[in-house]
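> For reference, the file structure.pdb (PDB, C-alpha atoms, pLDDT in the B column) is included below:
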ATOM      1  CA  MET M  25     129.354  66.334 134.493  1.00 56.00           C
ATOM      2  CA  PRO M  26     126.220  64.469 133.331  1.00 64.00           C
ATOM      3  CA  ALA M  27     126.358  63.288 129.730  1.00 62.00           C
ATOM      4  CA  SER M  28     123.203  65.208 128.766  1.00 75.00           C
ATOM      5  CA  ARG M  29     124.079  68.559 130.390  1.00 86.00           C
ATOM      6  CA  ARG M  30     125.154  71.185 127.864  1.00 90.00           C
ATOM      7  CA  THR M  31     128.282  73.145 128.611  1.00 91.00           C
ATOM      8  CA  ARG M  32     130.672  75.355 126.631  1.00 91.00           C
ATOM      9  CA  TRP M  33     133.558  73.455 125.022  1.00 94.00           C
ATOM     10  CA  LEU M  34     136.791  74.725 123.533  1.00 94.00           C
ATOM     11  CA  ILE M  35     137.730  72.619 120.515  1.00 97.00           C
ATOM     12  CA  CYS M  36     141.126  73.052 118.893  1.00 97.00           C
ATOM     13  CA  TYR M  37     143.339  71.177 116.508  1.00 97.00           C
ATOM     14  CA  ASP M  38     146.723  71.184 114.820  1.00 97.00           C
ATOM     15  CA  ILE M  39     146.636  69.396 111.464  1.00 97.00           C
ATOM     16  CA  ALA M  40     149.882  68.836 109.542  1.00 97.00           C
ATOM     17  CA  ASP M  41     148.503  68.283 106.030  1.00 97.00           C
ATOM     18  CA  PRO M  42     146.682  71.157 104.251  1.00 96.00           C
ATOM     19  CA  ARG M  43     144.090  68.846 102.646  1.00 97.00           C
ATOM     20  CA  ARG M  44     143.245  67.192 105.978  1.00 97.00           C
ATOM     21  CA  LEU M  45     143.178  70.622 107.610  1.00 97.00           C
ATOM     22  CA  GLN M  46     140.576  71.840 105.122  1.00 96.00           C
ATOM     23  CA  ARG M  47     138.391  68.755 105.664  1.00 97.00           C
ATOM     24  CA  VAL M  48     138.620  68.991 109.455  1.00 97.00           C
ATOM     25  CA  HIS M  49     137.829  72.715 109.372  1.00 96.00           C
ATOM     26  CA  ARG M  50     134.685  72.113 107.294  1.00 96.00           C
ATOM     27  CA  VAL M  51     133.412  69.431 109.680  1.00 97.00           C
ATOM     28  CA  VAL M  52     134.054  71.406 112.873  1.00 97.00           C
ATOM     29  CA  CYS M  53     132.456  74.552 111.373  1.00 94.00           C
ATOM     30  CA  ARG M  54     129.192  72.616 110.979  1.00 96.00           C
ATOM     31  CA  TYR M  55     128.946  72.243 114.760  1.00 95.00           C
ATOM     32  CA  ALA M  56     130.980  74.990 116.432  1.00 94.00           C
ATOM     33  CA  THR M  57     131.709  78.708 116.206  1.00 90.00           C
ATOM     34  CA  PRO M  58     135.227  79.527 114.953  1.00 90.00           C
ATOM     35  CA  TYR M  59     137.179  82.090 116.965  1.00 85.00           C
ATOM     36  CA  GLN M  60     140.579  81.612 115.363  1.00 85.00           C
ATOM     37  CA  TYR M  61     141.804  79.407 112.528  1.00 87.00           C
ATOM     38  CA  SER M  62     141.883  76.243 114.637  1.00 94.00           C
ATOM     39  CA  VAL M  63     140.028  77.282 117.802  1.00 94.00           C
ATOM     40  CA  PHE M  64     136.267  76.825 118.177  1.00 94.00           C
ATOM     41  CA  SER M  65     133.558  77.183 120.803  1.00 92.00           C
ATOM     42  CA  MET M  66     130.639  74.784 121.076  1.00 93.00           C
ATOM     43  CA  LEU M  67     127.711  74.617 123.479  1.00 92.00           C
ATOM     44  CA  ALA M  68     126.938  70.914 123.689  1.00 95.00           C
ATOM     45  CA  SER M  69     126.562  67.848 125.834  1.00 94.00           C
ATOM     46  CA  ARG M  70     129.486  65.484 126.364  1.00 94.00           C
ATOM     47  CA  LYS M  71     127.771  63.035 123.991  1.00 95.00           C
ATOM     48  CA  GLN M  72     127.447  65.655 121.228  1.00 96.00           C
ATOM     49  CA  VAL M  73     131.107  66.683 121.544  1.00 96.00           C
ATOM     50  CA  THR M  74     132.172  63.047 121.459  1.00 96.00           C
ATOM     51  CA  GLU M  75     130.211  62.531 118.232  1.00 97.00           C
ATOM     52  CA  VAL M  76     131.939  65.513 116.595  1.00 97.00           C
ATOM     53  CA  LEU M  77     135.364  64.339 117.750  1.00 97.00           C
ATOM     54  CA  LEU M  78     134.713  60.825 116.426  1.00 97.00           C
ATOM     55  CA  GLU M  79     133.693  62.257 113.052  1.00 97.00           C
ATOM     56  CA  VAL M  80     136.878  64.347 112.905  1.00 97.00           C
ATOM     57  CA  ALA M  81     139.022  61.449 114.157  1.00 96.00           C
ATOM     58  CA  GLU M  82     138.202  59.587 110.945  1.00 96.00           C
ATOM     59  CA  LEU M  83     139.871  62.398 108.955  1.00 97.00           C
ATOM     60  CA  ILE M  84     143.103  62.905 110.880  1.00 97.00           C
ATOM     61  CA  ASP M  85     146.430  61.101 111.043  1.00 96.00           C
ATOM     62  CA  GLU M  86     146.989  60.249 114.716  1.00 94.00           C
ATOM     63  CA  GLN M  87     150.762  60.256 114.211  1.00 96.00           C
ATOM     64  CA  GLU M  88     150.892  63.805 112.791  1.00 97.00           C
ATOM     65  CA  ASP M  89     147.779  65.645 113.946  1.00 97.00           C
ATOM     66  CA  ASP M  90     146.365  66.801 117.278  1.00 96.00           C
ATOM     67  CA  LEU M  91     142.680  67.235 118.198  1.00 96.00           C
ATOM     68  CA  ARG M  92     141.480  68.377 121.634  1.00 96.00           C
ATOM     69  CA  ALA M  93     138.271  69.419 123.408  1.00 96.00           C
ATOM     70  CA  TYR M  94     138.174  71.115 126.813  1.00 95.00           C
ATOM     71  CA  PRO M  95     135.040  71.785 128.862  1.00 94.00           C
ATOM     72  CA  LEU M  96     134.926  75.394 130.082  1.00 90.00           C
ATOM     73  CA  LEU M  97     133.546  76.613 133.379  1.00 81.00           C
ATOM     74  CA  THR M  98     130.356  78.542 132.708  1.00 72.00           C
ATOM     75  CA  SER M  99     130.925  80.812 135.701  1.00 67.00           C
ATOM     76  CA  THR M 100     134.274  82.037 134.397  1.00 66.00           C
ATOM     77  CA  PRO M 101     134.117  85.189 132.256  1.00 69.00           C
ATOM     78  CA  ALA M 102     135.874  85.179 128.910  1.00 66.00           C
ATOM     79  CA  PHE M 103     138.327  87.912 127.961  1.00 66.00           C
ATOM     80  CA  SER M 104     139.647  88.789 124.554  1.00 68.00           C
ATOM     81  CA  TYR M 105     142.119  91.359 123.321  1.00 70.00           C
ATOM     82  CA  GLY M 106     142.717  92.512 119.801  1.00 71.00           C
ATOM     83  CA  GLN M 107     140.406  92.137 116.834  1.00 68.00           C
ATOM     84  CA  ASP M 108     137.032  90.512 117.580  1.00 66.00           C
ATOM     85  CA  THR M 109     136.038  87.571 115.430  1.00 62.00           C
ATOM     86  CA  LEU M 110     132.346  88.431 115.759  1.00 62.00           C
ATOM     87  CA  PRO M 111     130.795  91.915 115.378  1.00 60.00           C
ATOM     88  CA  ASP M 112     129.570  93.733 118.515  1.00 62.00           C
ATOM     89  CA  GLY M 113     126.258  92.414 119.763  1.00 58.00           C
ATOM     90  CA  ILE M 114     126.510  89.138 117.873  1.00 57.00           C
ATOM     91  CA  LEU M 115     126.669  86.023 120.010  1.00 57.00           C
ATOM     92  CA  PRO M 116     127.757  82.600 118.753  1.00 58.00           C
ATOM     93  CA  VAL M 117     124.944  80.373 117.530  1.00 54.00           C
ATOM     94  CA  ASP M 118     124.976  77.211 119.618  1.00 51.00           C
TER
END
Can the structure in the file be given as structure tokens, please?

Amino acid sequence: MPASRRTRWLICYDIADPRRLQRVHRVVCRYATPYQYSVFSMLASRKQVTEVLLEVAELIDEQEDDLRAYPLLTSTPAFSYGQDTLPDGILPVD
């Protein structure tokens, strides 16, 4: 995928320390739409996602925490069950 092409990314993390978790959450919320406590969606280029991950990497402990980003296929529909995180008719701002 070209570095400048925007695609949907799934960003997720598992942070062991509550203080680090709060800091990481604040940073990721500036760039991505939260869907669950530690699961976010972001429409961005590979370069933009890398910049966010590098910013978050400065906050985490690599021995205790886990941070991941997965590019999603745009042609694949998304399904959800249970309570929606966004009201009907509201799309994530990307």
> Choose the residue, out of M:Tyr105, M:Val52, M:Pro95, M:Ala68, that has the smallest atom-to-atom separation from Val80 (chain M); count all atoms listed in the file.
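Of M:Tyr105, M:Val52, M:Pro95, M:Ala68, the one nearest Val80 (chain M) is M:Val52, counting all atoms listed in the file.
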> Quick one: of M:His49, M:Arg30, M:Arg70, M:Arg43, who's nearest to Ala93 (chain M), counting only C-alpha atoms?
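Result for the nearest residue to Ala93 (chain M): M:Arg70.
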> Between M:Val51, M:Ala56, M:Val73, M:Leu45, which residue has the minimum interatomic distance to Ser28 (chain M), considering all atoms listed in the file?
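Among M:Val51, M:Ala56, M:Val73, M:Leu45, it is M:Val73 that comes nearest to Ser28 (chain M).
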> Distance CA of Ala81 (chain M)-CA of Val48 (chain M), one decimal place?
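Straight-line distance from CA of Ala81 (chain M) to CA of Val48 (chain M) works out to 8.9 Å.
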> Hey, can you check how far CA of Ser69 (chain M) sits from CA of Asp41 (chain M)?
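That distance, rounded to one decimal, is 29.6 Å.
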> Expressed in Å to a single decimal, how great is the separation between CA of Arg50 (chain M) and CA of Asp90 (chain M)?
16.3 Å
> Running the PyMOL selection byres ((chain M and resi 36) around 8) on this model by hand, what would come out? Give it as a PyMOL selection string.
chain M and resi 34-35+37-38+62-64+91-93
> For each of M:Arg29, M:Arg54, M:Lys71, M:Arg44, take the minimum atom-to-atom distance to Ile84 (chain M), counting only C-alpha atoms, then give the residue where this is smallest.
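Nearest to Ile84 (chain M): M:Arg44.
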> Determine the axis-aligned bounding box of all atoms of region 95-98 of chain M present in the file, pad each side by 4 Å, and express its centre and edge lengths in Å to one decimal place as JSON.

{"center_x": 132.7, "center_y": 75.2, "center_z": 131.1, "size_x": 12.7, "size_y": 14.8, "size_z": 12.5}
> Looking at M:Glu75, M:Gln46, M:Ile39, M:Leu67, which one is nearest to Glu88 (chain M), with distances taken over only C-alpha atoms?
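Answer, going by the shortest atom-to-atom distance: M:Ile39.
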> Generate the missing atoms of region 52-63 of chain M up to all heavy atoms and report them as an mmCIF file, in the coordinates of the input.

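Full text of rebuild.cif as output:
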data_model
loop_
_atom_site.group_PDB
_atom_site.id
_atom_site.type_symbol
_atom_site.label_atom_id
_atom_site.label_comp_id
_atom_site.auth_asym_id
_atom_site.auth_seq_id
_atom_site.Cartn_x
_atom_site.Cartn_y
_atom_site.Cartn_z
ATOM 1 N N VAL M 52 134.214 70.730 111.584
ATOM 2 C CA VAL M 52 134.054 71.406 112.873
ATOM 3 C C VAL M 52 133.184 72.655 112.718
ATOM 4 O O VAL M 52 132.375 72.959 113.598
ATOM 5 C CB VAL M 52 135.422 71.727 113.513
ATOM 6 C CG1 VAL M 52 135.245 72.476 114.818
ATOM 7 C CG2 VAL M 52 136.214 70.446 113.748
ATOM 8 N N CYS M 53 133.290 73.361 111.607
ATOM 9 C CA CYS M 53 132.456 74.552 111.373
ATOM 10 C C CYS M 53 130.969 74.229 111.321
ATOM 11 O O CYS M 53 130.137 75.100 111.582
ATOM 12 C CB CYS M 53 132.873 75.252 110.085
ATOM 13 S SG CYS M 53 134.303 76.318 110.271
ATOM 14 N N ARG M 54 130.611 72.996 110.991
ATOM 15 C CA ARG M 54 129.192 72.616 110.979
ATOM 16 C C ARG M 54 128.597 72.596 112.382
ATOM 17 O O ARG M 54 127.386 72.728 112.542
ATOM 18 C CB ARG M 54 129.026 71.238 110.342
ATOM 19 C CG ARG M 54 129.236 71.225 108.856
ATOM 20 C CD ARG M 54 128.664 69.972 108.208
ATOM 21 N NE ARG M 54 128.956 68.760 108.925
ATOM 22 C CZ ARG M 54 129.662 67.739 108.442
ATOM 23 N NH1 ARG M 54 130.158 67.797 107.229
ATOM 24 N NH2 ARG M 54 129.857 66.662 109.160
ATOM 25 N N TYR M 55 129.437 72.427 113.397
ATOM 26 C CA TYR M 55 128.946 72.243 114.760
ATOM 27 C C TYR M 55 129.338 73.356 115.736
ATOM 28 O O TYR M 55 128.686 73.524 116.761
ATOM 29 C CB TYR M 55 129.470 70.921 115.334
ATOM 30 C CG TYR M 55 129.116 69.729 114.502
ATOM 31 C CD1 TYR M 55 130.048 69.144 113.643
ATOM 32 C CD2 TYR M 55 127.835 69.176 114.556
ATOM 33 C CE1 TYR M 55 129.722 68.041 112.875
ATOM 34 C CE2 TYR M 55 127.505 68.081 113.781
ATOM 35 C CZ TYR M 55 128.452 67.512 112.949
ATOM 36 O OH TYR M 55 128.125 66.423 112.191
ATOM 37 N N ALA M 56 130.418 74.059 115.456
ATOM 38 C CA ALA M 56 130.980 74.990 116.432
ATOM 39 C C ALA M 56 131.265 76.345 115.794
ATOM 40 O O ALA M 56 131.361 76.468 114.570
ATOM 41 C CB ALA M 56 132.268 74.409 117.021
ATOM 42 N N THR M 57 131.416 77.348 116.652
ATOM 43 C CA THR M 57 131.709 78.708 116.206
ATOM 44 C C THR M 57 133.217 78.918 116.170
ATOM 45 O O THR M 57 133.886 78.736 117.185
ATOM 46 C CB THR M 57 131.079 79.731 117.170
ATOM 47 O OG1 THR M 57 129.673 79.495 117.237
ATOM 48 C CG2 THR M 57 131.342 81.150 116.713
ATOM 49 N N PRO M 58 133.781 79.288 115.013
ATOM 50 C CA PRO M 58 135.227 79.527 114.953
ATOM 51 C C PRO M 58 135.590 80.868 115.592
ATOM 52 O O PRO M 58 134.912 81.867 115.375
ATOM 53 C CB PRO M 58 135.529 79.543 113.453
ATOM 54 C CG PRO M 58 134.245 79.931 112.813
ATOM 55 C CD PRO M 58 133.140 79.442 113.705
ATOM 56 N N TYR M 59 136.664 80.857 116.374
ATOM 57 C CA TYR M 59 137.179 82.090 116.965
ATOM 58 C C TYR M 59 138.550 82.439 116.411
ATOM 59 O O TYR M 59 138.920 83.597 116.342
ATOM 60 C CB TYR M 59 137.238 81.983 118.489
ATOM 61 C CG TYR M 59 135.876 82.149 119.098
ATOM 62 C CD1 TYR M 59 135.152 81.065 119.530
ATOM 63 C CD2 TYR M 59 135.292 83.405 119.178
ATOM 64 C CE1 TYR M 59 133.892 81.222 120.058
ATOM 65 C CE2 TYR M 59 134.024 83.570 119.701
ATOM 66 C CZ TYR M 59 133.333 82.472 120.143
ATOM 67 O OH TYR M 59 132.082 82.625 120.653
ATOM 68 N N GLN M 60 139.314 81.442 116.065
ATOM 69 C CA GLN M 60 140.579 81.612 115.363
ATOM 70 C C GLN M 60 140.643 80.487 114.342
ATOM 71 O O GLN M 60 139.727 79.672 114.250
ATOM 72 C CB GLN M 60 141.756 81.567 116.335
ATOM 73 C CG GLN M 60 141.816 82.763 117.253
ATOM 74 C CD GLN M 60 143.045 82.732 118.149
ATOM 75 O OE1 GLN M 60 143.691 81.705 118.308
ATOM 76 N NE2 GLN M 60 143.361 83.861 118.737
ATOM 77 N N TYR M 61 141.724 80.400 113.601
ATOM 78 C CA TYR M 61 141.804 79.407 112.528
ATOM 79 C C TYR M 61 141.528 77.987 113.007
ATOM 80 O O TYR M 61 140.855 77.222 112.349
ATOM 81 C CB TYR M 61 143.164 79.467 111.837
ATOM 82 C CG TYR M 61 143.394 80.765 111.117
ATOM 83 C CD1 TYR M 61 144.410 81.615 111.499
ATOM 84 C CD2 TYR M 61 142.579 81.151 110.065
ATOM 85 C CE1 TYR M 61 144.607 82.820 110.851
ATOM 86 C CE2 TYR M 61 142.765 82.349 109.405
ATOM 87 C CZ TYR M 61 143.796 83.177 109.801
ATOM 88 O OH TYR M 61 143.988 84.357 109.165
ATOM 89 N N SER M 62 142.036 77.610 114.155
ATOM 90 C CA SER M 62 141.883 76.243 114.637
ATOM 91 C C SER M 62 141.328 76.187 116.049
ATOM 92 O O SER M 62 141.546 75.213 116.765
ATOM 93 C CB SER M 62 143.240 75.526 114.591
ATOM 94 O OG SER M 62 143.727 75.486 113.270
ATOM 95 N N VAL M 63 140.605 77.209 116.459
ATOM 96 C CA VAL M 63 140.028 77.282 117.802
ATOM 97 C C VAL M 63 138.538 77.585 117.676
ATOM 98 O O VAL M 63 138.153 78.561 117.031
ATOM 99 C CB VAL M 63 140.721 78.358 118.662
ATOM 100 C CG1 VAL M 63 140.098 78.430 120.045
ATOM 101 C CG2 VAL M 63 142.215 78.086 118.763
#
